[in-house]
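Chemist: Coordinates in input38.cif, mmCIF, C-alpha atoms, are listed below.
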data_protein
#
loop_
_atom_site.label_atom_id
_atom_site.label_comp_id
_atom_site.auth_asym_id
_atom_site.auth_seq_id
_atom_site.Cartn_x
_atom_site.Cartn_y
_atom_site.Cartn_z
CA MET A 18 15.76 -8.60 -50.35
CA ILE A 19 13.66 -6.14 -48.30
CA SER A 20 15.51 -3.62 -46.19
CA LYS A 21 14.81 -3.41 -42.43
CA LYS A 22 13.11 -0.04 -42.95
CA TRP A 23 10.65 -1.42 -45.47
CA GLN A 24 10.22 -4.64 -43.43
CA VAL A 25 9.12 -2.57 -40.40
CA THR A 26 6.73 -0.56 -42.60
CA LEU A 27 5.30 -3.74 -44.14
CA ASN A 28 4.85 -5.29 -40.70
CA ALA A 29 3.03 -2.18 -39.51
CA ILE A 30 0.70 -2.29 -42.53
CA LEU A 31 -0.02 -5.97 -41.93
CA LEU A 32 -0.68 -5.31 -38.22
CA VAL A 33 -3.10 -2.48 -39.02
CA SER A 34 -4.86 -4.72 -41.54
CA VAL A 35 -5.24 -7.53 -39.00
CA ILE A 36 -6.57 -5.10 -36.37
CA TRP A 37 -9.05 -3.67 -38.91
CA ILE A 38 -10.25 -7.20 -39.84
CA ILE A 39 -10.65 -8.18 -36.18
CA SER A 40 -12.43 -4.91 -35.40
CA SER A 41 -14.74 -5.32 -38.38
CA SER A 42 -15.56 -8.89 -37.34
CA SER A 43 -16.26 -7.77 -33.77
CA VAL A 44 -18.62 -5.08 -35.03
CA MET A 45 -20.42 -7.60 -37.24
CA ILE A 46 -20.76 -10.07 -34.34
CA ALA A 47 -22.00 -7.31 -32.02
CA GLU A 48 -24.53 -6.16 -34.61
CA ALA A 49 -25.75 -9.73 -35.18
CA THR A 50 -26.06 -10.28 -31.42
CA THR A 51 -27.97 -7.03 -31.02
CA ASP A 52 -30.31 -7.95 -33.88
CA ARG A 53 -30.99 -11.38 -32.38
CA GLU A 54 -31.61 -9.98 -28.90
CA THR A 55 -34.00 -7.39 -30.31
CA GLY A 56 -35.78 -10.02 -32.40
CA TRP A 57 -35.98 -12.35 -29.42
CA ARG A 58 -37.53 -9.66 -27.21
CA ASP A 59 -39.95 -8.67 -29.95
CA ALA A 60 -41.02 -12.32 -30.41
CA MET A 61 -41.63 -12.70 -26.67
CA ASN A 62 -43.65 -9.48 -26.51
CA ARG A 63 -45.77 -10.53 -29.52
CA HIS A 64 -46.68 -13.77 -27.78
CA ILE A 65 -47.47 -12.07 -24.49
CA ASP A 66 -49.57 -9.35 -26.14
CA SER A 67 -51.48 -11.94 -28.17
CA TRP A 68 -52.35 -14.02 -25.11
CA ILE A 69 -53.39 -10.94 -23.14
CA GLN A 70 -55.62 -9.76 -25.98
CA GLN A 71 -57.27 -13.17 -26.35
CA LEU A 72 -57.98 -13.55 -22.64
CA SER A 73 -59.19 -10.00 -22.06
CA GLU A 74 -61.55 -10.08 -25.07
CA GLU A 75 -63.04 -13.56 -24.58
CA ASP A 76 -63.34 -13.93 -20.79
CA LYS A 77 -64.87 -11.13 -18.73
CA LEU A 78 -62.87 -12.23 -15.69
CA PHE A 79 -59.75 -11.10 -17.57
CA ALA A 80 -61.23 -7.84 -18.89
CA ASP A 81 -58.86 -5.68 -16.81
CA TRP A 82 -55.90 -7.24 -18.59
CA SER A 83 -56.65 -5.22 -21.73
CA SER A 84 -55.19 -2.05 -20.20
CA ALA A 85 -52.67 -3.68 -17.89
CA GLN A 86 -48.95 -3.16 -17.72
CA TYR A 87 -46.67 -6.11 -17.17
CA LYS A 88 -43.24 -7.01 -15.88
CA ILE A 89 -41.14 -9.93 -17.08
CA ARG A 90 -38.89 -11.83 -14.67
CA GLY A 91 -36.76 -14.88 -15.36
CA LEU A 92 -37.14 -17.99 -13.22
CA GLY A 93 -33.51 -18.84 -12.64
CA SER A 94 -30.52 -19.01 -14.94
CA ASN A 95 -30.70 -21.24 -18.04
CA GLN A 96 -34.32 -22.21 -17.28
CA LYS A 97 -35.79 -20.40 -20.30
CA GLN A 98 -38.92 -19.79 -18.21
CA TRP A 99 -40.39 -16.44 -17.22
CA ILE A 100 -43.19 -15.14 -15.04
CA ILE A 101 -45.21 -12.26 -16.46
CA THR A 102 -46.92 -10.22 -13.74
CA LEU A 103 -49.76 -7.92 -14.79
CA TYR A 104 -50.62 -4.72 -12.95
CA LYS A 105 -53.21 -2.01 -13.21
CA ALA A 106 -51.87 0.73 -15.47
CA SER A 107 -52.83 3.32 -12.85
CA ASP A 108 -51.12 1.39 -10.05
CA PRO A 109 -48.05 -0.37 -11.50
CA GLY A 110 -46.24 -2.71 -9.17
CA GLN A 111 -48.84 -2.51 -6.39
CA SER A 112 -52.01 -4.43 -7.27
CA PRO A 113 -51.33 -7.57 -9.35
CA LEU A 114 -54.17 -8.53 -11.67
CA GLY A 115 -52.71 -11.89 -12.56
CA TYR A 116 -49.78 -13.67 -14.10
CA MET A 117 -48.55 -15.96 -16.85
CA ILE A 118 -45.78 -18.55 -16.85
CA ILE A 119 -44.15 -18.91 -20.25
CA ALA A 120 -41.25 -20.87 -21.70
CA GLU A 121 -39.21 -20.64 -24.89
CA ASN A 122 -39.88 -23.57 -27.17
CA PRO A 123 -36.93 -25.78 -28.08
CA PRO A 124 -35.94 -25.69 -31.78
CA SER A 125 -37.89 -28.88 -32.56
CA LEU A 126 -41.14 -27.21 -31.44
CA GLN A 127 -40.71 -23.84 -33.12
CA SER A 128 -43.79 -23.17 -35.20
CA ASP A 129 -42.46 -20.91 -37.92
CA GLN A 130 -40.11 -22.82 -40.18
CA SER A 131 -38.59 -19.71 -41.69
CA SER A 132 -35.10 -19.26 -43.05
CA SER A 133 -34.65 -16.44 -40.55
CA GLU A 134 -33.52 -17.64 -37.12
CA ILE A 135 -35.19 -14.67 -35.44
CA GLU A 136 -38.56 -15.46 -37.00
CA GLU A 137 -38.35 -19.06 -35.71
CA ILE A 138 -38.38 -18.03 -32.04
CA SER A 139 -41.61 -19.02 -30.28
CA PHE A 140 -42.90 -19.43 -26.75
CA SER A 141 -45.50 -21.54 -24.96
CA LEU A 142 -48.00 -20.53 -22.31
CA LEU A 143 -47.59 -23.06 -19.48
CA GLU A 144 -49.93 -21.57 -16.89
CA TYR A 145 -51.86 -18.37 -16.24
CA GLY A 146 -54.10 -17.09 -13.51
CA LEU A 147 -55.83 -14.30 -11.64
CA GLY A 148 -54.76 -12.54 -8.47
CA LYS A 149 -51.38 -12.80 -6.80
CA PRO A 150 -48.62 -14.24 -8.99
CA LEU A 151 -46.50 -17.24 -8.15
CA PHE A 152 -43.34 -16.46 -6.19
CA GLU A 153 -44.79 -13.10 -5.10
CA GLU A 154 -43.03 -13.13 -1.72
CA VAL A 155 -39.68 -13.60 -3.44
CA ILE A 156 -39.90 -11.38 -6.49
CA ASN A 157 -41.01 -8.44 -4.33
CA ASP A 158 -38.43 -9.13 -1.62
CA ASN A 159 -35.58 -6.62 -1.46
CA THR A 160 -33.28 -9.23 0.11
CA ILE A 161 -33.46 -11.51 -2.92
CA ASN A 162 -29.93 -10.74 -4.14
CA SER A 163 -28.29 -11.34 -0.76
CA GLU A 164 -30.06 -14.55 0.27
CA ASN A 165 -30.23 -16.23 -3.15
CA PRO A 166 -33.63 -17.96 -3.08
CA VAL A 167 -34.19 -20.79 -5.54
CA LEU A 168 -37.30 -20.52 -7.73
CA VAL A 169 -38.56 -23.72 -9.38
CA TYR A 170 -41.57 -23.90 -11.65
CA GLY A 171 -43.19 -27.33 -11.65
CA GLY A 172 -46.90 -26.73 -12.20
CA LEU A 173 -48.72 -27.62 -8.97
CA GLU A 174 -45.36 -28.53 -7.43
CA SER A 175 -43.89 -25.06 -7.94
CA TYR A 176 -41.90 -23.81 -4.97
CA TRP A 177 -39.23 -21.44 -3.80
CA SER A 178 -36.64 -22.16 -1.16
CA ARG A 179 -33.94 -20.64 0.98
CA GLY A 180 -31.66 -23.26 2.36
CA LYS A 181 -33.70 -26.38 3.18
CA THR A 182 -37.00 -24.55 3.71
CA LEU A 183 -39.57 -25.07 0.93
CA HIS A 184 -42.38 -22.60 0.31
CA ASP A 185 -45.42 -23.15 -1.87
CA ALA A 186 -45.06 -20.80 -4.85
CA ARG A 187 -48.68 -19.63 -4.69
CA SER A 188 -49.45 -19.25 -0.99
CA GLY A 189 -45.97 -18.97 0.46
CA GLU A 190 -46.89 -21.73 2.91
CA ILE A 191 -43.88 -23.47 4.45
CA TYR A 192 -43.85 -27.21 3.83
CA PRO A 193 -42.79 -29.58 6.62
CA PRO A 194 -39.29 -31.12 6.41
CA SER A 195 -40.77 -34.42 5.16
CA VAL A 196 -41.69 -32.72 1.88
CA THR A 197 -38.92 -32.95 -0.67
CA PRO A 198 -39.15 -31.66 -4.25
CA PRO A 199 -38.97 -34.08 -7.18
CA TYR A 200 -35.52 -34.52 -8.70
CA VAL A 201 -36.87 -33.21 -12.01
CA ALA A 202 -39.73 -30.72 -11.93
CA LYS A 203 -42.73 -31.86 -13.96
CA ILE A 204 -44.03 -29.05 -16.15
CA PRO A 205 -46.82 -28.85 -18.73
CA GLU A 206 -45.58 -29.97 -22.15
CA THR A 207 -48.47 -28.47 -24.12
CA VAL A 208 -47.32 -26.13 -26.87
CA LEU A 209 -49.73 -23.21 -26.83
CA ASN A 210 -48.10 -20.43 -28.82
CA HIS A 211 -49.54 -17.22 -30.27
CA ASP A 212 -51.06 -19.13 -33.21
CA PHE A 213 -53.86 -20.34 -30.92
CA HIS A 214 -57.06 -18.37 -30.33
CA LEU A 215 -59.34 -18.58 -27.33
CA THR A 216 -62.62 -19.79 -28.81
CA GLY A 217 -64.61 -21.04 -25.82
CA VAL A 218 -65.08 -20.08 -22.17
CA ASP A 219 -67.11 -21.92 -19.56
CA HIS A 220 -67.37 -21.24 -15.82
CA SER A 221 -68.87 -23.25 -13.02
CA ALA A 222 -71.95 -21.70 -11.44
CA THR A 223 -70.84 -22.92 -8.03
CA VAL A 224 -67.31 -23.28 -6.67
CA THR A 225 -67.27 -25.70 -3.74
CA ASP A 226 -64.68 -25.81 -0.99
CA PRO A 227 -63.26 -29.35 -1.30
CA PHE A 228 -63.16 -29.71 2.48
CA ALA A 229 -66.77 -28.55 2.92
CA ASP A 230 -68.08 -31.39 0.74
CA LEU A 231 -65.99 -34.55 0.79
CA PHE A 232 -67.82 -36.36 -2.00
CA TRP A 233 -64.57 -36.54 -3.95
CA ILE A 234 -62.96 -38.86 -1.38
CA HIS A 235 -65.58 -41.59 -1.84
CA PRO A 236 -67.32 -40.97 -5.19
CA HIS A 237 -70.79 -42.43 -5.55
CA VAL A 238 -71.39 -45.11 -8.15
CA LYS A 239 -74.01 -42.91 -9.81
CA ASP A 240 -71.30 -40.42 -10.69
CA ASP A 241 -69.11 -42.93 -12.52
CA GLU A 242 -70.73 -42.19 -15.88
CA ILE A 243 -70.13 -38.47 -15.44
CA ASN A 244 -66.47 -38.99 -14.62
CA LYS A 245 -65.94 -41.50 -17.41
CA ASP A 246 -64.16 -39.88 -20.34
CA MET A 247 -64.40 -36.57 -18.44
CA GLN A 248 -67.90 -35.86 -19.72
CA TRP A 249 -68.15 -32.97 -17.28
CA LEU A 250 -65.95 -30.90 -19.62
CA ALA A 251 -68.98 -30.34 -21.85
CA ARG A 252 -71.32 -29.24 -19.06
CA LEU A 253 -69.25 -27.62 -16.34
CA SER A 254 -71.90 -24.98 -15.59
CA ASN A 255 -74.16 -27.73 -14.17
CA MET A 256 -71.45 -29.70 -12.37
CA VAL A 257 -69.38 -29.66 -9.21
CA VAL A 258 -65.89 -30.90 -10.06
CA ILE A 259 -62.92 -31.52 -7.78
CA PHE A 260 -59.40 -32.23 -8.98
CA SER A 261 -57.32 -34.15 -6.46
CA SER A 262 -53.60 -34.75 -6.58
CA ASN A 263 -51.02 -36.20 -4.19
CA LEU A 264 -48.00 -33.96 -4.63
CA TYR A 265 -44.35 -34.31 -3.64
CA ASN A 266 -44.29 -38.10 -3.72
CA GLY A 267 -47.60 -38.35 -1.88
CA GLU A 268 -46.60 -36.12 1.03
CA VAL A 269 -49.12 -33.37 0.20
CA MET A 270 -52.79 -34.08 -0.49
CA ALA A 271 -54.06 -31.26 -2.68
CA PRO A 272 -57.73 -31.09 -3.73
CA PHE A 273 -58.88 -28.13 -5.84
CA ALA A 274 -62.29 -26.99 -6.99
CA VAL A 275 -62.59 -26.67 -10.77
CA SER A 276 -64.00 -23.26 -11.68
CA GLY A 277 -63.58 -22.83 -15.42
CA ILE A 278 -62.48 -24.09 -18.82
CA HIS A 279 -60.77 -22.28 -21.69
CA ARG A 280 -60.74 -23.78 -25.18
CA TRP A 281 -57.86 -22.69 -27.39
CA ARG A 282 -57.88 -23.58 -31.07
CA HIS A 283 -55.51 -23.38 -34.02
CA GLU A 284 -56.77 -24.89 -37.27
CA HIS A 285 -57.67 -28.50 -36.31
CA ASP A 286 -55.85 -28.49 -32.97
CA GLU A 287 -57.61 -27.76 -29.69
CA ILE A 288 -56.04 -27.31 -26.26
CA LEU A 289 -58.10 -27.16 -23.07
CA PHE A 290 -56.98 -25.20 -20.03
CA VAL A 291 -58.80 -25.92 -16.77
CA ALA A 292 -59.04 -23.45 -13.87
CA LEU A 293 -58.31 -24.69 -10.36
CA GLU A 294 -59.18 -22.52 -7.38
CA ASP A 295 -55.98 -21.92 -5.41
CA GLU A 296 -56.22 -18.46 -3.82
CA GLY A 297 -57.67 -17.41 -7.16
CA ALA A 298 -58.01 -19.21 -10.47
CA ARG A 299 -54.98 -21.00 -11.89
CA PHE A 300 -55.33 -22.35 -15.46
CA PHE A 301 -53.40 -25.47 -16.50
CA PRO A 302 -53.49 -27.67 -19.62
CA VAL A 303 -55.95 -30.50 -19.03
CA ASP A 304 -53.43 -33.10 -20.24
CA TYR A 305 -50.94 -32.01 -17.59
CA LEU A 306 -53.55 -32.19 -14.83
CA SER A 307 -54.84 -35.59 -15.96
CA SER A 308 -51.31 -36.97 -15.73
CA THR A 309 -50.87 -35.49 -12.25
CA GLY A 310 -54.11 -36.34 -10.43
CA SER A 311 -57.72 -37.42 -10.81
CA TRP A 312 -61.12 -35.82 -11.36
CA VAL A 313 -64.36 -36.37 -9.50
CA ALA A 314 -67.58 -34.74 -10.69
CA LYS A 315 -71.21 -34.73 -9.63
CA LYS A 316 -74.33 -32.89 -10.70
CA GLN A 317 -75.12 -29.80 -8.70
CA ASP A 318 -77.68 -30.31 -5.96
#
Turn the structure described in the file into structure tokens.
Modeler:
Amino acid sequence: MISKKWQVTLNAILLVSVIWIISSSSVMIAEATTDRETGWRDAMNRHIDSWIQQLSEEDKLFADWSSAQYKIRGLGSNQKQWIITLYKASDPGQSPLGYMIIAENPPSLQSDQSSSEIEEISFSLLEYGLGKPLFEEVINDNTINSENPVLVYGGLESYWSRGKTLHDARSGEIYPPSVTPPYVAKIPETVLNHDFHLTGVDHSATVTDPFADLFWIHPHVKDDEINKDMQWLARLSNMVVIFSSNLYNGEVMAPFAVSGIHRWRHEHDEILFVALEDEGARFFPVDYLSSTGSWVAKKQD
């Protein structure tokens, strides 16, 4: 039988042991969390740096990106989407050079099947462009924390809102009340991670204002062969191409001039990004655009 004195001592020893085990476990969990967060940030930065290098080296329009600084901002909680805004190194935060929209790939799309969870993290480039970034009015607005704007990335249907007022993410234009966002935002599903290399660049010699030449509303029969199977992709420099889409359940007619093509390749896979002129070039995966609208092309006059 253990005396009360020794029972108290034994209980104290057991209590200290339990506290030490709990403390040790907490330290291990904290260290693991820190390692994962660091690995996650490093993986994101590797992807961003790779895309910037590819674009700045292969397309002269992106040459300034080689020495740019960038800021990373999340697009809402639990969205796993971020906007990367690039600035001149000599003028950070003042003169945007362009932007990228990226997303973390779900586990089923992670490219590196490594035993290390950190090494499996990968991201996709959903959209990128020149000039002012999407959501510029909001992300540079000092009242953002007090008025709680909602930022939604949905490709060409990207918007931000305060209350019931919808603003176009690129121009900031206020949509009329009849325009309502889709229940589920449609985003590009193309997986373009840092394994892909930019191998081809093509730009249109002439960018036409869609409302200055309305050929795209009633295409001529002679242009059918050009539009068939999107043959203009192989000869954009000699073509005038308009992409037309009816957004927000047909409430917004949105024609855009096509100004460029980027060809990304990894082994036997190729992904095309097409530039639409929307207050500067915005590049989207061609598969996303083809599922959203239609193309009309004609030979240059």
Chemist: Considering all atoms listed in the file, state which residue in the set A:Gly217, A:Gly148, A:Pro302, A:Pro193 is at the smallest distance from Tyr116 of chain A.
Modeler: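 Among the listed residues, A:Gly148 lies closest to Tyr116 of chain A.
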Chemist: When you count all atoms listed in the file, which of these residues is closest to Gly180 of chain A: A:Ile100, A:Phe273, A:Asn165, A:Glu206?
Modeler: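 Closest candidate: A:Asn165.
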Chemist: Taking all atoms listed in the file into account, which of A:Leu72, A:Leu151, A:Val169, A:Ala80 comes nearest Thr102 of chain A?
Modeler: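 Going through A:Leu72, A:Leu151, A:Val169, A:Ala80 one by one, the smallest distance to Thr102 of chain A is for A:Leu151.
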Chemist: Would you mind telling me which residue in A:Val269, A:Ala314, A:Ser141, A:Phe300 lies nearest to Phe232 of chain A when using only C-alpha atoms?
Modeler: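 Of A:Val269, A:Ala314, A:Ser141, A:Phe300, the one nearest Phe232 of chain A, counting only C-alpha atoms, is A:Ala314.
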Chemist: Can you measure atom CA of Glu137 of chain A to atom CA of Glu75 of chain A for me? One decimal in Å is fine.
Modeler: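 A separation of 27.6 Å between them.
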Chemist: Please identify all polymer residues within 9 Å of Trp68 of chain A, counting all atoms listed in the file, omitting same-chain residues fewer than 4 positions from it, and present them as a PDB file with C-alpha atoms, in the frame of the given file.
Modeler:
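And here's result35.pdb as it stands now:
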ATOM      1  CA  ARG A  63     -45.770 -10.530 -29.520  1.00  0.00           C
ATOM      2  CA  HIS A  64     -46.680 -13.770 -27.780  1.00  0.00           C
ATOM      3  CA  LEU A  72     -57.980 -13.550 -22.640  1.00  0.00           C
ATOM      4  CA  SER A  73     -59.190 -10.000 -22.060  1.00  0.00           C
ATOM      5  CA  LEU A 142     -48.000 -20.530 -22.310  1.00  0.00           C
ATOM      6  CA  ASN A 210     -48.100 -20.430 -28.820  1.00  0.00           C
ATOM      7  CA  HIS A 211     -49.540 -17.220 -30.270  1.00  0.00           C
ATOM      8  CA  PHE A 213     -53.860 -20.340 -30.920  1.00  0.00           C
ATOM      9  CA  HIS A 214     -57.060 -18.370 -30.330  1.00  0.00           C
ATOM     10  CA  LEU A 215     -59.340 -18.580 -27.330  1.00  0.00           C
TER      11      LEU A 215
END
Chemist: Using only C-alpha atoms, find the one residue out of A:Ala60, A:Ile89, A:Ile259, A:Ala202 that sits nearest to Ile138 of chain A.
Modeler: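 Going through A:Ala60, A:Ile89, A:Ile259, A:Ala202 one by one, the smallest distance to Ile138 of chain A is for A:Ala60.
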Chemist: To one decimal place in Å, what is the distance between atom CA of Ile278 of chain A and atom CA of Pro199 of chain A?
Modeler: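 Computed distance, atom CA of Ile278 of chain A to atom CA of Pro199 of chain A, equals 28.1 Å.
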Chemist: What does the distance from atom CA of Gly267 of chain A to atom CA of Tyr305 of chain A come to in Å, to one decimal?
Modeler: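 Atom CA of Gly267 of chain A sits 17.3 Å away from atom CA of Tyr305 of chain A.
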Chemist: Convert the output of the PyMOL selection byres ((chain A and resi 114) around 8) on the shown file into explicit residues, formatted as number ranges by chain.
Modeler: A: 81-82, 102-105, 112-113, 115-116, 147-149
Chemist: Select, from A:Leu173, A:Ile288, A:Ala229, A:Val218, the residue with the minimum atom-to-atom distance to Ser262 of chain A, counting all atoms listed in the file.
Modeler: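 Closest to Ser262 of chain A, using all atoms listed in the file: A:Leu173.
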Chemist: Translate the PyMOL selection byres ((chain A and resi 197) around 10) into a concrete residue list for this structure, as a list in words.
Modeler: Lys181, Thr182, Leu183, Tyr192, Pro193, Pro194, Ser195, Val196, Pro198, Pro199, Tyr200, Leu264, Tyr265, Asn266 and Glu268 of chain A
